[in-house]
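Here the structure is laid out as structure tokens; the discussion comes afterwards.
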There are 2 protein chains.
Amino acid sequence: MSMSRTRERLVVVGGDAAGMAAASQARRMKGPDELEIIAFERGHFSSYSACGIPYWVGGDVADRDQLIARSPEEHRERGIDLRMRTEVTALDVAAGRVRARDLESGAEAWTSYDKLVIATGARPIRPPLPGIDAPGVHGVQTLDDGQALIDTLARTSGRRAVVVGAGYIGVEMAEALVNRGYEVTVVNRGKEPMSTLDPDMGRLVHEAMEGLGITMVNDAEVTKILTGEDGLVRAVATEDAEYPADVVVLGIGVRPETTLAQAAGLPLGDHDGLLTDQAMRVRGYENIWAGGDCVEVLDLVSGRERHIALGTHANKHGQVIGANAGGGYATFPGVVGTAVSKVCDLEIARTGLREKDARRAGLQYEKVTIESTSRSGYYPGAAPMTVKMLAERRTGRLLSVQIVGREGAGKRVDIAAVALTAGMTVEQLTALDLGYAPPFSPVWDPVQVAARKAVGAVFGRR
Amino acid sequence: MSMSRTRERLVVVGGDAAGMAAASQARRMKGPDELEIIAFERGHFSSYSACGIPYWVGGDVADRDQLIARSPEEHRERGIDLRMRTEVTALDVAAGRVRARDLESGAEAWTSYDKLVIATGARPIRPPLPGIDAPGVHGVQTLDDGQALIDTLARTSGRRAVVVGAGYIGVEMAEALVNRGYEVTVVNRGKEPMSTLDPDMGRLVHEAMEGLGITMVNDAEVTKILTGEDGLVRAVATEDAEYPADVVVLGIGVRPETTLAQAAGLPLGDHDGLLTDQAMRVRGYENIWAGGDCVEVLDLVSGRERHIALGTHANKHGQVIGANAGGGYATFPGVVGTAVSKVCDLEIARTGLREKDARRAGLQYEKVTIESTSRSGYYPGAAPMTVKMLAERRTGRLLSVQIVGREGAGKRVDIAAVALTAGMTVEQLTALDLGYAPPFSPVWDPVQVAARKAVGAVFGRR
């Protein structure tokens with residue numbers, strides 16, 4: 001069926017960050033005469049910032065359209081045949097084709113490809129609890145989800161909100177609901193919020209959230225969602241208690257959306273994400289690439305594959321895929337596990353291995369925790385921060401940094417992220433030439449204060 | 001004369017950041033039974049933050065004492081014999097002794113040492129202009145200088161200030177005087193302010209300063225300081241014009257204070273700073289160390305020695321010296337030339353080589369400049385910033401980053417500072433796993449946006 005085509009065809013499955021970044025980069029590499037690009041997206045929106053949804057819900061971002069980086073029309077103007085509301089229902093990698101259904105008309109057809117990009121994203125974890133589908137219970141994965149939640153908030157007269165889950169999405173949604181004037185309770189399975197941090201650092205987040213007026217319930221498993229006689233949600237139940245709720249937000253996390261890939265026999269990892277090489281090519285397939293929330297990525301510190309759903313990775317994957325699919329060359333070597341978030345004025349950041357990750361990787365380590373400030377202590381606005389650092393025993397290699405503080409704390413994690421990527425030791429960290437002036441940093445940057453202490457922990461007195 | 005001593009004696013010349021950090025670290029390494037520590041300081045203050053003076057003058061820091069990290073009494077309580085108002089007038093390295101004069105009594109005596117630390121700091125450049133010693137003309141190098149300026153500001157009824165020099169001190173003093181309600185004119189020899197930036201980036205600082213109501217006069221050499229009949233300063237004259245002034249601040253820069261070292265025959269570099277090895281030991285001398293504003297440091301990017309007067313380096317030098325003089329081991333490998341500053345809400349940062357530095361080092365480069373924002377474009381408070389990046393031709397090795405922007409711009413230079421230290425290429429920069437969330441960064445950090453463009457400039461289309 002492709003005999004009549006004289007130019008190559010690139011098919012992209014999924015029209016959000018990774019897929020459309022790939023399509024755009026491939027288009028930059030090759031014009032429409034050389035490369036036809038068809039992209040399928042089942043939703044109503046393309047190229048949007050899912051990470052921005054909490055801020056839209058919270059009112060910091062006024063308009064949904066601000067979250068859309070590039071509309072379908074803009075993609076089409078750039079020569080990408082983006083077909084919205086069209087769901088890919090099967091991959092036939094042997095024949096080199098995908099089957100897609102127009103969700104409006106129901107019409108279904110096969111489209112052949114020379115090159116394929118899988119960017120099917122992630123799906124939210126939605127435990128099969130009684131009441132989970134009740135009106136007033138919301139996920140916040142897509143713009144459609146965000147709109148539905150905003151509609152509920154506008155309709156609901158009550159002011160009590162329960163957030164299930166205390167990871168990034170959970171704490172960001174807690175902030176959003178506080179900003180909208182809700183009494184917020186966060187119900188969390190773990191010992192402390194932010195399980196991407198060690199529990200001792202999560203404890204600081206816990207305390208700060210309570211200081212913001214958020215009720216934090218840890219070690220609690222939701223057993224069901226209770227509804228009123230009107231069928232609307234009225235409470236969240238755990239084994240021990242019931243938390244009244246006029247609205248419930250689920251922020252439990254996501255899994256790679258790899259149903260199609262699995263059915264097609266493509267290689268999946270331990271986290272059900274697609275496995276790729278460093279050029280983001282699906283392992284074992286010359287002409288199939290995958291990126292974004294549906295793939296696993298190499299953790300450069302532990303040497304293991306992980307699943308991390310994050311817009312910045314999706315964009316980078318897309319750019320790498322587009323370069324390679326367009327006949328160029330680029331790679332995505334892996335991640336070090338950097339993340340930053342905030343709850344109101346509390347900033348939370350991490351990079352590298354938690355204690356349990358290090359143990360799992362067979363690494364022995366020393367750990368230190370220090371208190372410092374964002375600016376010189378005497379400079380107005382100097383805000384406290386806590387920095388925890390792990391360094392490998394004997395070698396002193398940096399393994400991780402976790403930071404909890406106020407303004408100026410979060411992005412300091414980048415110092416450690418670059419140092420981790422370069423394989424630096426904590427001794428090398430102490431000598432780094434970082435930006436210093438009283439409005440920006442103490443004379444020793446907080447990350448270096450931690451590094452000094454880590455040097456002592458690993459090597460003893462200098 | 002040292003026959004009767006059973007313990008070693010460490011003598012420190014200069015009681016500010018480098019000297020007292022050295023003394024303190026040596027004391028941590030060895031107790032008073034093993035090591036006697038005598039430190040001489042000619043001024044009234046020890047261990048203070050000279051970098052904080054502009055903020056004290058500007059009123060952000062209320063009290064002089066806030067700038068003092070550790071008082072002479074606190075040092076003495078830690079077993080350091082710190083002798084204030086005592087000036088070392090000669091070094092006799094052959095005999096291992098220093099001559100010091102008590103500035104109060106005039107008494108002078110020799111003190112022998114087993115180990116010596118030279119931390120004599122820098123002296124401000126003060127051109128021999130007519131009127132430069134007139135009342136109302138101030139340097140801002142020491143706390144005494146700062147106090148004298150504050151006294152003048154309190155006494156003066158006029159509201160016109162002229163700052164001579166447009167480097168870090170000049171622009172920070174311009175901010176301080178704006179904050180105190182002065183009409184500020186900055187008279188600058190160079191083509192643009194901030195000659196530590198390339199002129200195209202300095203131009204952005206120029207424009208922003210004018211936006212803040214500061215009058216910026218470039219390409220102007222001061223020829224004399226004019227005084228009134230009362231003997232007080234009344235104007236600053238250049239070849240072309242006169243700028244009325246009720247107060248004049250000199251921020252022209254500093255030179256290493258190495259008069260004593262030179263007289264003693266110690267090795268000085270092209271910038272008149274002491275030359276040391278990586279353990280901060282004066283080259284060729286087993287038992288003499290030097291650090292802080294009186295030494296030259298190795299620029300790791302150009303491979304050449306530079307003079308950089310900066311508190312963060314002085315503290316690090318002191319810590320390294322103290323470890324080594326105390327029998328331990330530490331090194332200061334060098335700098336990459338990182339600096340950050342601000343004028344009101346304008347943030348200015350740089351690391352690595354300017355274009356002219358690169359040319360002088362024999363390096364060929366590509367340069368790119370991009371505009372981005374501190375946060376995701378849709379997030380409130382997203383502030384514009386301009387990032388300039390240099391990358392070596394053919395290899396793509398990062399050579400420098402310069403940033404001019406608003407809140408959130410300055411400390412981003414740390415990403416580049418660590419990458420420079422690690423010898424990363426701009427291609428590697430594009431793959432870095434940096435902290436991303438809409439309140440903290442666009443999905444591509446501005447430094448990575450520049451890196452992507454630099455990759456294109458060096459290697460062409462990916």
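FYI, nothing fancy with the structure tokens labels: chains A, B, ... in order, residues from 1 per chain, ligands from 1 as they appear.
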Which residues of chain A are close to chain B, meaning at most 7 Å apart when you count only C-alpha atoms, and how do they look as a PyMOL selection string? chain A and resi 51-52+60-61+66-67+311-312+323+328-330+332+335-336+338-341+378-380+411+413-415+417-419+422+431-438+440+443-444+462
Take the residues from that selection and write them out as a short mmCIF file (atom, residue, chain, number, x, y, z; two decimals), in the first residue's frame, keeping N, CA and C atoms.
data_model
loop_
_atom_site.label_atom_id
_atom_site.label_comp_id
_atom_site.auth_asym_id
_atom_site.auth_seq_id
_atom_site.Cartn_x
_atom_site.Cartn_y
_atom_site.Cartn_z
N CYS A 51 1.70 19.88 33.59
CA CYS A 51 2.29 20.35 34.85
C CYS A 51 1.66 21.66 35.31
N GLY A 52 1.03 22.37 34.38
CA GLY A 52 0.46 23.66 34.74
C GLY A 52 -0.95 23.56 35.30
N ASP A 60 -3.82 30.75 39.65
CA ASP A 60 -2.62 31.50 39.28
C ASP A 60 -2.56 31.72 37.77
N VAL A 61 -3.09 30.76 37.04
CA VAL A 61 -3.17 30.86 35.58
C VAL A 61 -4.65 31.05 35.24
N GLN A 66 -3.71 29.35 28.03
CA GLN A 66 -2.32 29.70 28.34
C GLN A 66 -1.44 28.46 28.49
N LEU A 67 -2.07 27.33 28.83
CA LEU A 67 -1.30 26.10 29.03
C LEU A 67 -0.99 25.39 27.71
N GLY A 311 7.19 16.70 32.23
CA GLY A 311 7.14 17.41 30.95
C GLY A 311 8.49 17.74 30.36
N THR A 312 9.45 18.04 31.23
CA THR A 312 10.75 18.43 30.70
C THR A 312 11.44 17.25 30.02
N ALA A 323 15.02 14.63 15.89
CA ALA A 323 16.32 14.77 15.23
C ALA A 323 16.70 13.45 14.56
N GLY A 328 18.98 13.07 11.47
CA GLY A 328 20.11 13.64 12.21
C GLY A 328 20.56 12.72 13.32
N TYR A 329 21.14 13.31 14.35
CA TYR A 329 21.63 12.49 15.46
C TYR A 329 21.55 13.26 16.76
N ALA A 330 20.92 12.65 17.74
CA ALA A 330 20.88 13.22 19.09
C ALA A 330 20.59 12.07 20.05
N PHE A 332 19.51 10.94 24.35
CA PHE A 332 19.06 11.26 25.70
C PHE A 332 19.77 10.27 26.61
N VAL A 335 18.73 10.20 33.18
CA VAL A 335 18.32 11.21 34.17
C VAL A 335 19.10 11.00 35.47
N VAL A 336 19.04 11.99 36.32
CA VAL A 336 19.56 11.80 37.68
C VAL A 336 18.42 11.92 38.71
N THR A 338 15.96 14.48 39.04
CA THR A 338 15.75 15.81 39.61
C THR A 338 14.27 16.17 39.57
N ALA A 339 13.79 16.76 40.64
CA ALA A 339 12.41 17.25 40.66
C ALA A 339 12.33 18.40 41.64
N VAL A 340 11.46 19.34 41.33
CA VAL A 340 11.27 20.49 42.21
C VAL A 340 9.78 20.79 42.24
N SER A 341 9.31 21.23 43.39
CA SER A 341 7.89 21.51 43.52
C SER A 341 7.71 22.53 44.62
N TYR A 378 22.51 38.15 56.95
CA TYR A 378 22.16 39.53 57.29
C TYR A 378 21.32 40.21 56.23
N TYR A 379 21.14 39.55 55.06
CA TYR A 379 20.44 40.21 53.96
C TYR A 379 18.93 39.97 54.07
N PRO A 380 18.13 41.02 53.84
CA PRO A 380 16.67 40.86 54.00
C PRO A 380 16.13 39.72 53.11
N LYS A 411 15.56 25.70 43.24
CA LYS A 411 16.41 25.57 42.05
C LYS A 411 17.88 25.36 42.41
N VAL A 413 18.89 22.87 43.66
CA VAL A 413 19.11 21.46 43.38
C VAL A 413 19.85 21.27 42.05
N ASP A 414 19.78 22.27 41.17
CA ASP A 414 20.46 22.15 39.87
C ASP A 414 21.97 22.01 40.03
N ILE A 415 22.52 22.64 41.04
CA ILE A 415 23.97 22.51 41.29
C ILE A 415 24.30 21.02 41.45
N ALA A 417 22.39 18.49 40.55
CA ALA A 417 22.00 17.72 39.36
C ALA A 417 23.14 17.70 38.35
N VAL A 418 23.79 18.83 38.14
CA VAL A 418 24.90 18.87 37.20
C VAL A 418 26.09 18.09 37.77
N ALA A 419 26.34 18.26 39.05
CA ALA A 419 27.47 17.55 39.68
C ALA A 419 27.27 16.04 39.64
N ALA A 422 28.01 14.77 36.24
CA ALA A 422 29.46 14.76 35.98
C ALA A 422 30.19 13.75 36.87
N ALA A 431 34.73 22.81 46.26
CA ALA A 431 35.60 23.74 45.54
C ALA A 431 34.89 24.45 44.40
N LEU A 432 33.61 24.16 44.16
CA LEU A 432 32.92 24.75 43.01
C LEU A 432 32.85 26.27 43.15
N ASP A 433 32.96 26.93 42.02
CA ASP A 433 32.93 28.39 41.94
C ASP A 433 31.50 28.82 41.61
N LEU A 434 30.68 28.91 42.65
CA LEU A 434 29.26 29.21 42.48
C LEU A 434 29.02 30.72 42.67
N GLY A 435 27.92 31.17 42.12
CA GLY A 435 27.59 32.59 42.20
C GLY A 435 27.38 33.03 43.64
N TYR A 436 28.20 34.02 44.05
CA TYR A 436 28.05 34.54 45.40
C TYR A 436 27.91 36.06 45.40
N ALA A 437 26.90 36.53 46.08
CA ALA A 437 26.75 37.92 46.51
C ALA A 437 25.67 37.86 47.59
N PRO A 438 25.72 38.77 48.56
CA PRO A 438 24.81 38.64 49.71
C PRO A 438 23.33 38.48 49.37
N PHE A 440 22.10 36.78 47.06
CA PHE A 440 21.90 35.53 46.34
C PHE A 440 22.30 34.29 47.11
N VAL A 443 28.13 33.04 51.96
CA VAL A 443 29.46 32.97 51.36
C VAL A 443 29.80 31.53 50.97
N TRP A 444 29.30 30.56 51.71
CA TRP A 444 29.29 29.16 51.26
C TRP A 444 27.85 28.85 50.88
N ARG A 462 39.75 16.90 57.67
CA ARG A 462 40.63 17.12 56.52
C ARG A 462 42.07 17.22 56.97
#
For Lys356 in chain A, list every protein, DNA or RNA residue within 12 Å, evaluated using only C-alpha atoms, and leave out those in the same chain fewer than 3 positions away; present the list as a PyMOL selection string. chain A and resi 195-199+302+352-353+359-365+390+399-400
At a cut-off of 12 Å, can you tabulate as CSV every residue of range 202-304 of chain B near range 90-98 of chain B together with its closest atom pair and the distance in Å to one decimal, using only C-alpha atoms and ordering rows by chain then number?
residue,atom,partner,partner_atom,distance
B:Thr258,CA,B:Leu91,CA,11.2
B:Thr259,CA,B:Ala90,CA,9.4
B:Leu260,CA,B:Ala90,CA,6.0
B:Ala261,CA,B:Leu91,CA,7.2
B:Gln262,CA,B:Leu91,CA,9.6
B:Ala263,CA,B:Leu91,CA,7.9
B:Ala264,CA,B:Leu91,CA,5.9
B:Gly265,CA,B:Val93,CA,8.8
B:Leu266,CA,B:Val93,CA,8.9
B:Val282,CA,B:Val93,CA,11.7
B:Gly284,CA,B:Val93,CA,11.8
B:Tyr285,CA,B:Val93,CA,9.2
B:Glu286,CA,B:Val93,CA,11.1
B:Asn287,CA,B:Gly96,CA,9.3
B:Ile288,CA,B:Val93,CA,8.8
Export of prior selection with N, CA and C atoms as a PDB file, in the first residue's frame:
ATOM      1  N   THR B 258      50.140  43.408  48.090  1.00  0.00           N
ATOM      2  CA  THR B 258      51.280  42.496  48.213  1.00  0.00           C
ATOM      3  C   THR B 258      52.591  43.252  48.395  1.00  0.00           C
ATOM      4  N   THR B 259      52.508  44.432  48.977  1.00  0.00           N
ATOM      5  CA  THR B 259      53.736  45.225  49.187  1.00  0.00           C
ATOM      6  C   THR B 259      54.741  44.456  50.041  1.00  0.00           C
ATOM      7  N   LEU B 260      54.264  43.908  51.155  1.00  0.00           N
ATOM      8  CA  LEU B 260      55.150  43.153  52.053  1.00  0.00           C
ATOM      9  C   LEU B 260      55.729  41.923  51.363  1.00  0.00           C
ATOM     10  N   ALA B 261      54.868  41.217  50.675  1.00  0.00           N
ATOM     11  CA  ALA B 261      55.298  39.984  50.012  1.00  0.00           C
ATOM     12  C   ALA B 261      56.351  40.286  48.949  1.00  0.00           C
ATOM     13  N   GLN B 262      56.109  41.365  48.228  1.00  0.00           N
ATOM     14  CA  GLN B 262      57.070  41.751  47.182  1.00  0.00           C
ATOM     15  C   GLN B 262      58.427  42.106  47.794  1.00  0.00           C
ATOM     16  N   ALA B 263      58.377  42.873  48.877  1.00  0.00           N
ATOM     17  CA  ALA B 263      59.623  43.266  49.547  1.00  0.00           C
ATOM     18  C   ALA B 263      60.381  42.039  50.058  1.00  0.00           C
ATOM     19  N   ALA B 264      59.624  40.991  50.421  1.00  0.00           N
ATOM     20  CA  ALA B 264      60.254  39.772  50.940  1.00  0.00           C
ATOM     21  C   ALA B 264      60.702  38.841  49.812  1.00  0.00           C
ATOM     22  N   GLY B 265      60.448  39.240  48.578  1.00  0.00           N
ATOM     23  CA  GLY B 265      60.899  38.433  47.452  1.00  0.00           C
ATOM     24  C   GLY B 265      60.011  37.251  47.128  1.00  0.00           C
ATOM     25  N   LEU B 266      58.778  37.265  47.599  1.00  0.00           N
ATOM     26  CA  LEU B 266      57.864  36.150  47.289  1.00  0.00           C
ATOM     27  C   LEU B 266      57.368  36.285  45.849  1.00  0.00           C
ATOM     28  N   VAL B 282      52.542  29.242  49.027  1.00  0.00           N
ATOM     29  CA  VAL B 282      53.279  30.156  48.151  1.00  0.00           C
ATOM     30  C   VAL B 282      54.352  29.357  47.407  1.00  0.00           C
ATOM     31  N   GLY B 284      57.314  27.652  46.029  1.00  0.00           N
ATOM     32  CA  GLY B 284      58.711  27.622  46.428  1.00  0.00           C
ATOM     33  C   GLY B 284      58.930  27.697  47.928  1.00  0.00           C
ATOM     34  N   TYR B 285      57.885  27.826  48.686  1.00  0.00           N
ATOM     35  CA  TYR B 285      58.025  27.947  50.147  1.00  0.00           C
ATOM     36  C   TYR B 285      57.217  26.844  50.838  1.00  0.00           C
ATOM     37  N   GLU B 286      57.885  26.053  51.623  1.00  0.00           N
ATOM     38  CA  GLU B 286      57.247  24.914  52.293  1.00  0.00           C
ATOM     39  C   GLU B 286      56.240  25.340  53.351  1.00  0.00           C
ATOM     40  N   ASN B 287      56.533  26.442  54.030  1.00  0.00           N
ATOM     41  CA  ASN B 287      55.783  26.774  55.239  1.00  0.00           C
ATOM     42  C   ASN B 287      55.072  28.121  55.170  1.00  0.00           C
ATOM     43  N   ILE B 288      54.831  28.592  53.948  1.00  0.00           N
ATOM     44  CA  ILE B 288      54.089  29.852  53.792  1.00  0.00           C
ATOM     45  C   ILE B 288      52.907  29.627  52.857  1.00  0.00           C
TER      46      ILE B 288
END
Which residues, written as JSON, numbers by chain, have at least one atom at most 12 Å from Ile370 in chain B, with only C-alpha atoms counted and residues fewer than 2 positions away on the same chain left out? {"B": [201, 367, 368, 372, 373, 384, 385, 386, 387, 388, 389, 390, 401, 402, 403, 404, 405, 445, 446, 447, 448, 449, 450, 451, 452, 453, 454]}
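CA of Glu183 in chain B is positioned 10.3 Å from CA of Pro244 in chain B.
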Fewer than 5 positions away in the same chain doesn't count, so skip those; otherwise give me all residues within 7 Å of Val458 in chain A, counting only C-alpha atoms, as a ChimeraX atom specification. /A:366,393-394,396
Dump of N, CA and C atoms for the selected residues, as a JSON list (two decimals), in the first residue's frame:
[["chain", "number", "residue", "atom", "x", "y", "z"],
["A", 366, "GLU", "N", 27.34, 7.74, 53.29],
["A", 366, "GLU", "CA", 27.23, 8.57, 54.48],
["A", 366, "GLU", "C", 26.15, 9.60, 54.20],
["A", 393, "ARG", "N", 30.33, 5.90, 50.39],
["A", 393, "ARG", "CA", 31.42, 5.55, 51.31],
["A", 393, "ARG", "C", 32.71, 5.36, 50.53],
["A", 394, "ARG", "N", 33.80, 5.75, 51.13],
["A", 394, "ARG", "CA", 35.15, 5.59, 50.59],
["A", 394, "ARG", "C", 35.44, 6.51, 49.40],
["A", 396, "GLY", "N", 33.47, 9.02, 48.19],
["A", 396, "GLY", "CA", 32.96, 10.38, 48.34],
["A", 396, "GLY", "C", 32.12, 10.85, 47.17]]
I'd like the contact shell of range 290-299 of chain B - 6 Å cut-off, only C-alpha atoms, skipping same-chain residues fewer than 5 positions apart - returned as a list of chain:residue names. B:Ala18, B:Val117, B:Ile118, B:Ala119, B:Thr120, B:Gly121, B:Ala122, B:Pro256, B:Glu257, B:Gly273, B:Leu274, B:Leu275, B:Met280, B:Arg304, B:Glu305, B:Arg306, B:His307, B:Ala309, B:Ala314, B:His317, B:Gly334, B:Val335, B:Val336
Ser46 in chain B environment, 9 Å, only C-alpha atoms, sequence neighbours closer than 2 positions dropped, as a PyMOL selection string: chain B and resi 14-17+20+41+43-44+48+68-72+75+82+84
Just write the chosen residues, N, CA and C atoms, as a compact mmCIF listing (two decimals), in the first residue's frame.
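As written to disk, out-v4.txt reads:
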# COMPACT_ATOMS: atom_id res chain seq x y z
N GLY B 14 46.74 39.36 58.58
CA GLY B 14 45.46 39.79 58.00
C GLY B 14 44.31 39.05 58.65
N GLY B 15 43.40 39.79 59.27
CA GLY B 15 42.36 39.16 60.09
C GLY B 15 40.96 39.22 59.50
N ASP B 16 40.87 39.21 58.15
CA ASP B 16 39.54 39.18 57.56
C ASP B 16 39.24 37.75 57.08
N ALA B 17 38.45 37.64 56.02
CA ALA B 17 37.90 36.33 55.63
C ALA B 17 38.95 35.22 55.49
N MET B 20 41.27 34.63 58.86
CA MET B 20 40.61 34.07 60.03
C MET B 20 39.94 32.73 59.71
N GLU B 41 45.93 42.01 62.69
CA GLU B 41 45.00 42.76 61.83
C GLU B 41 45.17 44.25 62.11
N GLY B 43 43.24 46.72 61.06
CA GLY B 43 41.99 47.47 61.17
C GLY B 43 41.29 47.28 62.51
N HIS B 44 40.05 47.78 62.55
CA HIS B 44 39.25 47.69 63.78
C HIS B 44 38.37 46.45 63.81
N TYR B 48 34.79 40.16 58.59
CA TYR B 48 33.53 40.80 58.20
C TYR B 48 33.28 40.62 56.71
N ILE B 68 29.59 41.42 60.64
CA ILE B 68 30.75 40.80 61.28
C ILE B 68 30.41 39.36 61.64
N ALA B 69 31.09 38.45 60.96
CA ALA B 69 30.80 37.03 61.18
C ALA B 69 31.32 36.58 62.54
N ARG B 70 32.48 37.07 62.93
CA ARG B 70 33.05 36.66 64.21
C ARG B 70 33.91 37.80 64.75
N SER B 71 33.65 38.21 65.95
CA SER B 71 34.38 39.34 66.54
C SER B 71 35.75 38.87 67.03
N PRO B 72 36.65 39.81 67.27
CA PRO B 72 37.96 39.45 67.83
C PRO B 72 37.82 38.64 69.13
N HIS B 75 37.03 35.05 68.37
CA HIS B 75 38.23 34.34 67.91
C HIS B 75 39.14 34.00 69.09
N LEU B 82 44.40 36.88 68.46
CA LEU B 82 44.17 37.88 67.41
C LEU B 82 44.50 39.26 67.94
N MET B 84 44.44 43.03 67.24
CA MET B 84 43.82 44.04 66.39
C MET B 84 44.66 45.30 66.37
Selection near Val140 in chain B, 12 Å with only C-alpha atoms, sequence-local residues under 3 positions removed, as a ChimeraX atom specification: /B:49-57,123-126,137,143-150,163-164,168-170,172-173,176,248-254
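Straight-line separation from CA of Thr223 in chain A to CA of Cys344 in chain A: 29.1 Å.
If only C-alpha atoms are the atoms counted, then among B:Ile348, B:Leu232, B:Val88, B:Ala382 the closest residue to Thr156 in chain B is B:Leu232.
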Using only C-alpha atoms, which of the listed residues (A:Val247, A:Ile214, A:Ala26, A:Leu346) sits closest to Gly139 in chain A? A:Val247
